[in-house]
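Pasted below: upload17.pdb, PDB, C-alpha atoms and all ligand atoms.
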ATOM      1  CA  MET A   1      74.393 106.199 146.453
ATOM      2  CA  GLU A   2      78.073 105.340 146.613
ATOM      3  CA  ILE A   3      80.900 106.868 148.674
ATOM      4  CA  ARG A   4      84.324 106.571 147.042
ATOM      5  CA  ALA A   5      87.573 108.457 146.601
ATOM      6  CA  LEU A   6      87.503 111.437 144.236
ATOM      7  CA  ARG A   7      88.750 110.649 140.720
ATOM      8  CA  ALA A   8      90.651 113.057 138.521
ATOM      9  CA  GLY A   9      87.935 112.940 135.848
ATOM     10  CA  ASP A  10      85.009 113.717 138.196
ATOM     11  CA  ASP A  11      82.949 116.808 137.367
ATOM     12  CA  ARG A  12      83.186 118.946 140.511
ATOM     13  CA  SER A  13      81.918 122.157 138.936
ATOM     14  CA  ARG A  14      78.202 121.727 139.602
ATOM     15  CA  PHE A  15      78.505 121.085 143.335
ATOM     16  CA  GLN A  16      76.893 123.815 145.489
ATOM     17  CA  SER A  17      76.639 123.467 149.261
ATOM     18  CA  GLY A  18      75.705 127.096 149.809
ATOM     19  CA  ASP A  19      78.966 127.778 151.637
ATOM     20  CA  PRO A  20      81.187 129.721 149.194
ATOM     21  CA  ASP A  21      84.476 128.731 150.880
ATOM     22  CA  LEU A  22      83.668 125.022 150.810
ATOM     23  CA  ASP A  23      82.427 125.190 147.230
ATOM     24  CA  ARG A  24      85.507 127.079 146.075
ATOM     25  CA  PHE A  25      87.760 124.568 147.788
ATOM     26  CA  PHE A  26      85.960 121.679 146.100
ATOM     27  CA  HIS A  27      85.890 123.254 142.622
ATOM     28  CA  LYS A  28      89.470 124.553 142.605
ATOM     29  CA  PHE A  29      91.655 122.771 145.099
ATOM     30  CA  ALA A  30      90.333 119.310 146.036
ATOM     31  CA  GLY A  31      91.771 117.785 142.851
ATOM     32  CA  GLN A  32      95.238 119.258 142.937
ATOM     33  CA  ASN A  33      95.560 118.697 146.683
ATOM     34  CA  GLN A  34      94.871 115.019 146.158
ATOM     35  CA  PHE A  35      96.477 114.204 142.812
ATOM     36  CA  LYS A  36      99.382 116.644 142.692
ATOM     37  CA  HIS A  37     100.345 117.546 146.255
ATOM     38  CA  TYR A  38      99.060 114.489 148.159
ATOM     39  CA  VAL A  39      98.056 116.663 151.126
ATOM     40  CA  GLY A  40      94.665 115.070 151.631
ATOM     41  CA  VAL A  41      92.055 112.802 150.128
ATOM     42  CA  THR A  42      88.507 113.754 149.252
ATOM     43  CA  TYR A  43      85.771 111.146 149.367
ATOM     44  CA  VAL A  44      82.651 111.874 147.347
ATOM     45  CA  ALA A  45      79.067 110.681 147.615
ATOM     46  CA  VAL A  46      77.748 109.969 144.135
ATOM     47  CA  ALA A  47      74.078 109.543 143.274
ATOM     48  CA  ASP A  48      72.869 109.024 139.705
ATOM     49  CA  GLY A  49      76.333 109.900 138.407
ATOM     50  CA  ARG A  50      76.405 113.241 140.205
ATOM     51  CA  ILE A  51      78.500 114.304 143.199
ATOM     52  CA  VAL A  52      76.127 115.222 146.022
ATOM     53  CA  GLY A  53      78.530 115.424 148.952
ATOM     54  CA  PHE A  54      82.170 115.289 149.912
ATOM     55  CA  ALA A  55      84.466 114.854 152.887
ATOM     56  CA  THR A  56      88.151 115.758 152.783
ATOM     57  CA  ILE A  57      90.515 114.154 155.252
ATOM     58  CA  ALA A  58      94.195 114.184 156.086
ATOM     59  CA  PRO A  59      96.198 112.556 158.841
ATOM     60  CA  GLY A  60      97.542 114.964 161.425
ATOM     61  CA  HIS A  61      98.634 115.236 164.995
ATOM     62  CA  VAL A  62      97.658 117.192 168.084
ATOM     63  CA  GLU A  63      99.504 118.090 171.226
ATOM     64  CA  ILE A  64      97.761 116.930 174.378
ATOM     65  CA  GLU A  65      96.745 120.539 175.173
ATOM     66  CA  GLY A  66      94.794 120.521 171.906
ATOM     67  CA  LEU A  67      92.380 117.919 173.280
ATOM     68  CA  PRO A  68      89.335 118.423 175.518
ATOM     69  CA  ALA A  69      90.396 117.953 179.159
ATOM     70  CA  ALA A  70      88.306 114.783 179.485
ATOM     71  CA  ALA A  71      90.208 113.166 176.609
ATOM     72  CA  ARG A  72      93.704 113.885 177.963
ATOM     73  CA  LYS A  73      93.766 111.240 180.662
ATOM     74  CA  ARG A  74      96.619 108.779 180.500
ATOM     75  CA  LEU A  75      97.828 109.947 177.111
ATOM     76  CA  PRO A  76     101.537 110.575 176.576
ATOM     77  CA  ARG A  77     102.827 114.124 176.179
ATOM     78  CA  TYR A  78     104.200 113.825 172.668
ATOM     79  CA  PRO A  79     102.324 114.636 169.450
ATOM     80  CA  LEU A  80      99.364 112.304 169.054
ATOM     81  CA  PRO A  81      98.092 110.970 165.716
ATOM     82  CA  VAL A  82      94.591 111.982 164.633
ATOM     83  CA  LEU A  83      92.529 111.936 161.497
ATOM     84  CA  ARG A  84      91.593 115.480 160.524
ATOM     85  CA  LEU A  85      88.225 116.018 158.898
ATOM     86  CA  ALA A  86      89.247 119.044 156.893
ATOM     87  CA  ARG A  87      85.983 119.663 155.067
ATOM     88  CA  LEU A  88      82.506 118.212 154.848
ATOM     89  CA  ALA A  89      79.684 119.449 152.669
ATOM     90  CA  VAL A  90      76.477 118.254 151.068
ATOM     91  CA  ASP A  91      74.944 119.688 147.907
ATOM     92  CA  GLN A  92      71.934 121.908 148.614
ATOM     93  CA  SER A  93      69.739 119.563 146.593
ATOM     94  CA  ALA A  94      70.548 116.720 148.991
ATOM     95  CA  GLN A  95      70.828 118.424 152.395
ATOM     96  CA  GLY A  96      68.669 117.187 155.256
ATOM     97  CA  GLN A  97      68.408 113.639 153.900
ATOM     98  CA  GLY A  98      71.033 111.964 156.049
ATOM     99  CA  LEU A  99      73.933 112.284 153.623
ATOM    100  CA  GLY A 100      76.121 114.386 155.941
ATOM    101  CA  THR A 101      75.651 111.690 158.561
ATOM    102  CA  GLN A 102      76.615 108.958 156.099
ATOM    103  CA  LEU A 103      79.754 110.826 155.038
ATOM    104  CA  LEU A 104      80.674 111.414 158.661
ATOM    105  CA  ARG A 105      80.182 107.740 159.452
ATOM    106  CA  PHE A 106      82.392 106.846 156.495
ATOM    107  CA  VAL A 107      85.110 109.109 157.915
ATOM    108  CA  LEU A 108      84.770 107.463 161.338
ATOM    109  CA  GLN A 109      85.331 104.091 159.671
ATOM    110  CA  LEU A 110      88.486 105.456 158.022
ATOM    111  CA  ALA A 111      89.670 106.667 161.440
ATOM    112  CA  MET A 112      89.070 103.193 162.838
ATOM    113  CA  ARG A 113      91.133 101.722 160.022
ATOM    114  CA  MET A 114      93.880 104.275 160.656
ATOM    115  CA  ALA A 115      93.843 103.386 164.371
ATOM    116  CA  ASN A 116      94.300  99.711 163.562
ATOM    117  CA  ASP A 117      96.938 100.188 160.863
ATOM    118  CA  TYR A 118      98.958 103.230 161.959
ATOM    119  CA  GLY A 119      97.590 104.618 165.213
ATOM    120  CA  CYS A 120      94.926 107.288 165.644
ATOM    121  CA  ILE A 121      93.408 108.611 168.857
ATOM    122  CA  GLY A 122      90.360 110.210 167.231
ATOM    123  CA  VAL A 123      88.970 112.656 164.692
ATOM    124  CA  VAL A 124      89.424 116.421 164.866
ATOM    125  CA  VAL A 125      87.411 118.983 162.958
ATOM    126  CA  ASP A 126      87.480 122.767 162.829
ATOM    127  CA  ALA A 127      83.732 123.280 162.846
ATOM    128  CA  LYS A 128      82.258 126.411 161.344
ATOM    129  CA  ALA A 129      79.836 128.176 163.694
ATOM    130  CA  ASP A 130      76.834 126.881 161.726
ATOM    131  CA  ALA A 131      78.023 123.282 161.956
ATOM    132  CA  VAL A 132      79.027 123.015 165.656
ATOM    133  CA  ASP A 133      75.632 121.580 166.608
ATOM    134  CA  PHE A 134      75.824 119.051 163.789
ATOM    135  CA  TYR A 135      79.110 117.644 165.102
ATOM    136  CA  ALA A 136      77.987 117.874 168.744
ATOM    137  CA  LYS A 137      75.052 115.659 167.833
ATOM    138  CA  TYR A 138      77.540 112.889 167.023
ATOM    139  CA  GLY A 139      79.525 113.335 170.232
ATOM    140  CA  PHE A 140      82.271 115.729 169.098
ATOM    141  CA  ILE A 141      83.468 117.797 172.063
ATOM    142  CA  PRO A 142      84.735 121.366 171.645
ATOM    143  CA  VAL A 143      88.341 121.860 172.644
ATOM    144  CA  GLU A 144      88.494 124.489 175.371
ATOM    145  CA  ALA A 145      89.656 127.894 174.125
ATOM    146  CA  VAL A 146      93.380 128.337 174.580
ATOM    147  CA  GLU A 147      94.277 131.009 177.128
ATOM    148  CA  GLY A 148      94.408 134.454 175.590
ATOM    149  CA  GLN A 149      91.831 133.650 172.936
ATOM    150  CA  SER A 150      88.557 135.447 173.253
ATOM    151  CA  ASP A 151      85.247 133.579 173.110
ATOM    152  CA  ALA A 152      83.952 136.462 171.043
ATOM    153  CA  ARG A 153      86.493 135.763 168.357
ATOM    154  CA  PRO A 154      84.638 134.553 165.301
ATOM    155  CA  GLY A 155      86.074 131.524 163.607
ATOM    156  CA  PRO A 156      85.927 127.770 163.605
ATOM    157  CA  THR A 157      85.614 125.741 166.793
ATOM    158  CA  PRO A 158      88.090 122.862 167.110
ATOM    159  CA  MET A 159      86.190 119.724 168.093
ATOM    160  CA  PHE A 160      87.323 116.190 168.921
ATOM    161  CA  LEU A 161      85.785 112.716 168.878
ATOM    162  CA  SER A 162      87.850 110.040 170.604
ATOM    163  CA  MET A 163      88.534 106.607 169.159
ATOM    164  CA  HIS A 164      86.629 105.068 172.077
ATOM    165  CA  ALA A 165      83.559 107.121 171.157
ATOM    166  CA  ILE A 166      84.027 106.197 167.499
ATOM    167  CA  GLU A 167      84.239 102.493 168.320
ATOM    168  CA  ALA A 168      81.056 102.769 170.382
ATOM    169  CA  ALA A 169      79.246 104.737 167.665
ATOM    170  CA  LEU A 170      80.158 102.266 164.947
ATOM    171  CA  ARG A 171      79.259  99.316 167.163
ATOM    172  CA  THR A 172      75.852 100.772 168.063
ATOM    173  CA  ARG A 173      74.901 101.401 164.456
ATOM    174  CA  ASP A 174      76.236  97.999 163.366
ATOM    175  CA  SER A 175      74.234  96.160 165.990
ATOM    176  CA  THR A 176      71.018  97.859 164.893
ATOM    177  CA  GLY A 177      71.843  97.194 161.283
ATOM    178  CA  GLY A 178      71.537 100.938 160.534
TER
HETATM  179  C1  LIG A 201      76.245 120.533 157.677
HETATM  180  C2  LIG A 201      75.965 119.516 156.567
HETATM  181  C3  LIG A 201      77.255 118.812 156.173
HETATM  182  C4  LIG A 201      74.969 118.460 157.134
HETATM  183  O1  LIG A 201      74.666 117.501 156.123
HETATM  184  P1  LIG A 201      73.165 117.039 155.870
HETATM  185  O2  LIG A 201      73.184 115.908 154.899
HETATM  186  O3  LIG A 201      72.336 118.198 155.525
HETATM  187  O4  LIG A 201      72.789 116.505 157.323
HETATM  188  P2  LIG A 201      71.926 115.224 157.725
HETATM  189  O5  LIG A 201      70.714 115.139 156.839
HETATM  190  O6  LIG A 201      72.808 114.023 157.773
HETATM  191  O7  LIG A 201      71.488 115.656 159.183
HETATM  192  C5  LIG A 201      71.631 114.826 160.291
HETATM  193  C6  LIG A 201      71.098 115.537 161.494
HETATM  194  O8  LIG A 201      71.867 116.714 161.748
HETATM  195  C7  LIG A 201      71.030 117.849 161.760
HETATM  196  N1  LIG A 201      71.759 118.961 161.122
HETATM  197  C8  LIG A 201      72.055 119.089 159.811
HETATM  198  N2  LIG A 201      72.776 120.218 159.606
HETATM  199  C9  LIG A 201      72.905 120.793 160.819
HETATM  200  C10 LIG A 201      73.529 121.977 161.276
HETATM  201  N3  LIG A 201      74.181 122.802 160.464
HETATM  202  N4  LIG A 201      73.477 122.269 162.614
HETATM  203  C11 LIG A 201      72.821 121.437 163.464
HETATM  204  N5  LIG A 201      72.205 120.290 163.088
HETATM  205  C12 LIG A 201      72.254 119.983 161.783
HETATM  206  C13 LIG A 201      69.791 117.440 160.982
HETATM  207  O9  LIG A 201      68.673 118.193 161.369
HETATM  208  C14 LIG A 201      69.653 115.987 161.350
HETATM  209  O10 LIG A 201      69.059 115.873 162.618
HETATM  210  P3  LIG A 201      67.944 114.721 162.906
HETATM  211  O11 LIG A 201      68.680 113.404 162.706
HETATM  212  O12 LIG A 201      67.572 114.975 164.328
HETATM  213  O13 LIG A 201      66.871 114.929 161.911
HETATM  214  C15 LIG A 201      75.296 120.157 155.323
HETATM  215  O14 LIG A 201      74.065 120.723 155.670
HETATM  216  C16 LIG A 201      76.154 121.202 154.632
HETATM  217  O15 LIG A 201      76.928 120.874 153.749
HETATM  218  N6  LIG A 201      76.002 122.496 155.025
HETATM  219  C17 LIG A 201      76.760 123.570 154.418
HETATM  220  C18 LIG A 201      78.247 123.416 154.623
HETATM  221  C19 LIG A 201      78.677 123.237 156.070
HETATM  222  O16 LIG A 201      78.226 123.947 156.968
HETATM  223  N7  LIG A 201      79.602 122.258 156.298
HETATM  224  C20 LIG A 201      80.248 121.989 157.569
HETATM  225  C21 LIG A 201      81.499 122.795 157.646
HETATM  226  S1  LIG A 201      82.508 122.504 159.049
END

Take the structure in the file and write it out as structure tokens.
Ligand SMILES: CC(C)(COP(=O)(O)OP(=O)(O)OC[C@H]1O[C@@H](n2cnc3c(N)ncnc32)[C@H](O)[C@@H]1OP(=O)(O)O)[C@@H](O)C(=O)NCCC(=O)NCCS
Amino acid sequence: MEIRALRAGDDRSRFQSGDPDLDRFFHKFAGQNQFKHYVGVTYVAVADGRIVGFATIAPGHVEIEGLPAAARKRLPRYPLPVLRLARLAVDQSAQGQGLGTQLLRFVLQLAMRMANDYGCIGVVVDAKADAVDFYAKYGFIPVEAVEGQSDARPGPTPMFLSMHAIEAALRTRDSTGG
């Protein structure tokens, strides 16, 4: 299995994660977003010549209020650079085999590179309700609801993983050789 940037000639049409929005994005928009509009880059996991997972990222920024309270300490009050994990999905045929974790780890390595080359305080993701526990497992912290928003409001949960947590996560795995 290889993780690499999407190529214009890749066949995206057979990918099915089971989430219609994610699949539609991948089939219709991932290519033009990357090759025509340059608004983000999609990395694909390829096994036996077939795409079995993808992660789409774009650099972004957050205001300090958009971070969990615990992550705000000592940060300046101007917009802060982050890597945004815009989408992550694994083909149904490959779910539950560790591929989502591998793609996420790949994204954390990109964030580390961004931190070293350009500045990046962490990774943000708008987690769908079904995926909040997945991200929480890797240390992502939900950003507290902004005043005036109702907890009952359905919709994605913004979550954040700091660069310090990313460094620690990558170090731990590296030291165990995993
Ligand atoms: C969510 C998704 C990306 C996870 O990828 P995956 O390859 O199936 O996950 P992994 O095999 O790497 O799972 C790693 C761990 O997370 C757990 N996990 C997987 N999906 C989970 C979920 N939705 N909620 C909570 N835990 C989850 C697994 O049980 C596993 O735990 P374990 O290590 O204790 O056994 C994938 O199932 C998927 O594409 N789902 C549909 C689309 C989606 O919801 N994407 C996220 C949108 S924000």

Spatial neighbours of Gln109 in chain A, max dist 8 Å, all atoms listed in the file, sep filter under 4 positions, as a ChimeraX atom specification: /A:105,113,170

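Minimum atom-to-atom distances from A:Gly100, A:Gly18, A:Gly31, A:Pro76 to Phe54 in chain A were compared using only C-alpha atoms, and the lowest value belongs to A:Gly100.
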
Atomic separation - CA of Leu85 in chain A relative to CA of Phe140 in chain A, Å: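 We find that CA of Phe140 in chain A and CA of Leu85 in chain A lie 11.8 Å from each other.
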
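The set of residues that the PyMOL selection byres (((not hetatm)) within 7 of (chain A and resi 201)) takes from this file is Ser17, Gly18, Asp19, Leu22, Arg87, Leu88, Ala89, Val90, Asp91, Ala94, Gln95, Gly96, Gln97, Gly98, Leu99, Gly100, Thr101, Gln102, Asp126, Ala127, Lys128, Asp130, Ala131, Val132, Asp133, Phe134 and Lys137 of chain A.
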
Export of the given selection (C-alpha atoms) as a CSV table (one decimal), keeping the file's coordinate frame:
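part_17.csv, written as the output of this step:
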chain,number,residue,atom,x,y,z
A,17,SER,CA,76.6,123.5,149.3
A,18,GLY,CA,75.7,127.1,149.8
A,19,ASP,CA,79.0,127.8,151.6
A,22,LEU,CA,83.7,125.0,150.8
A,87,ARG,CA,86.0,119.7,155.1
A,88,LEU,CA,82.5,118.2,154.8
A,89,ALA,CA,79.7,119.4,152.7
A,90,VAL,CA,76.5,118.3,151.1
A,91,ASP,CA,74.9,119.7,147.9
A,94,ALA,CA,70.5,116.7,149.0
A,95,GLN,CA,70.8,118.4,152.4
A,96,GLY,CA,68.7,117.2,155.3
A,97,GLN,CA,68.4,113.6,153.9
A,98,GLY,CA,71.0,112.0,156.0
A,99,LEU,CA,73.9,112.3,153.6
A,100,GLY,CA,76.1,114.4,155.9
A,101,THR,CA,75.7,111.7,158.6
A,102,GLN,CA,76.6,109.0,156.1
A,126,ASP,CA,87.5,122.8,162.8
A,127,ALA,CA,83.7,123.3,162.8
A,128,LYS,CA,82.3,126.4,161.3
A,130,ASP,CA,76.8,126.9,161.7
A,131,ALA,CA,78.0,123.3,162.0
A,132,VAL,CA,79.0,123.0,165.7
A,133,ASP,CA,75.6,121.6,166.6
A,134,PHE,CA,75.8,119.1,163.8
A,137,LYS,CA,75.1,115.7,167.8

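CA of Phe25 in chain A is positioned 20.7 Å from CA of Val123 in chain A.
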
Reference answer for the PyMOL selection byres (((chain A and resi 11-13) around 10) and not hetatm), as an NGL selection string: :A and (6-10 or 14-16 or 23-24 or 26-28 or 30-31 or 44 or 49-52)

Between CA of Val124 in chain A and CA of Glu65 in chain A - distance in Å to one decimal: 13.3 Å
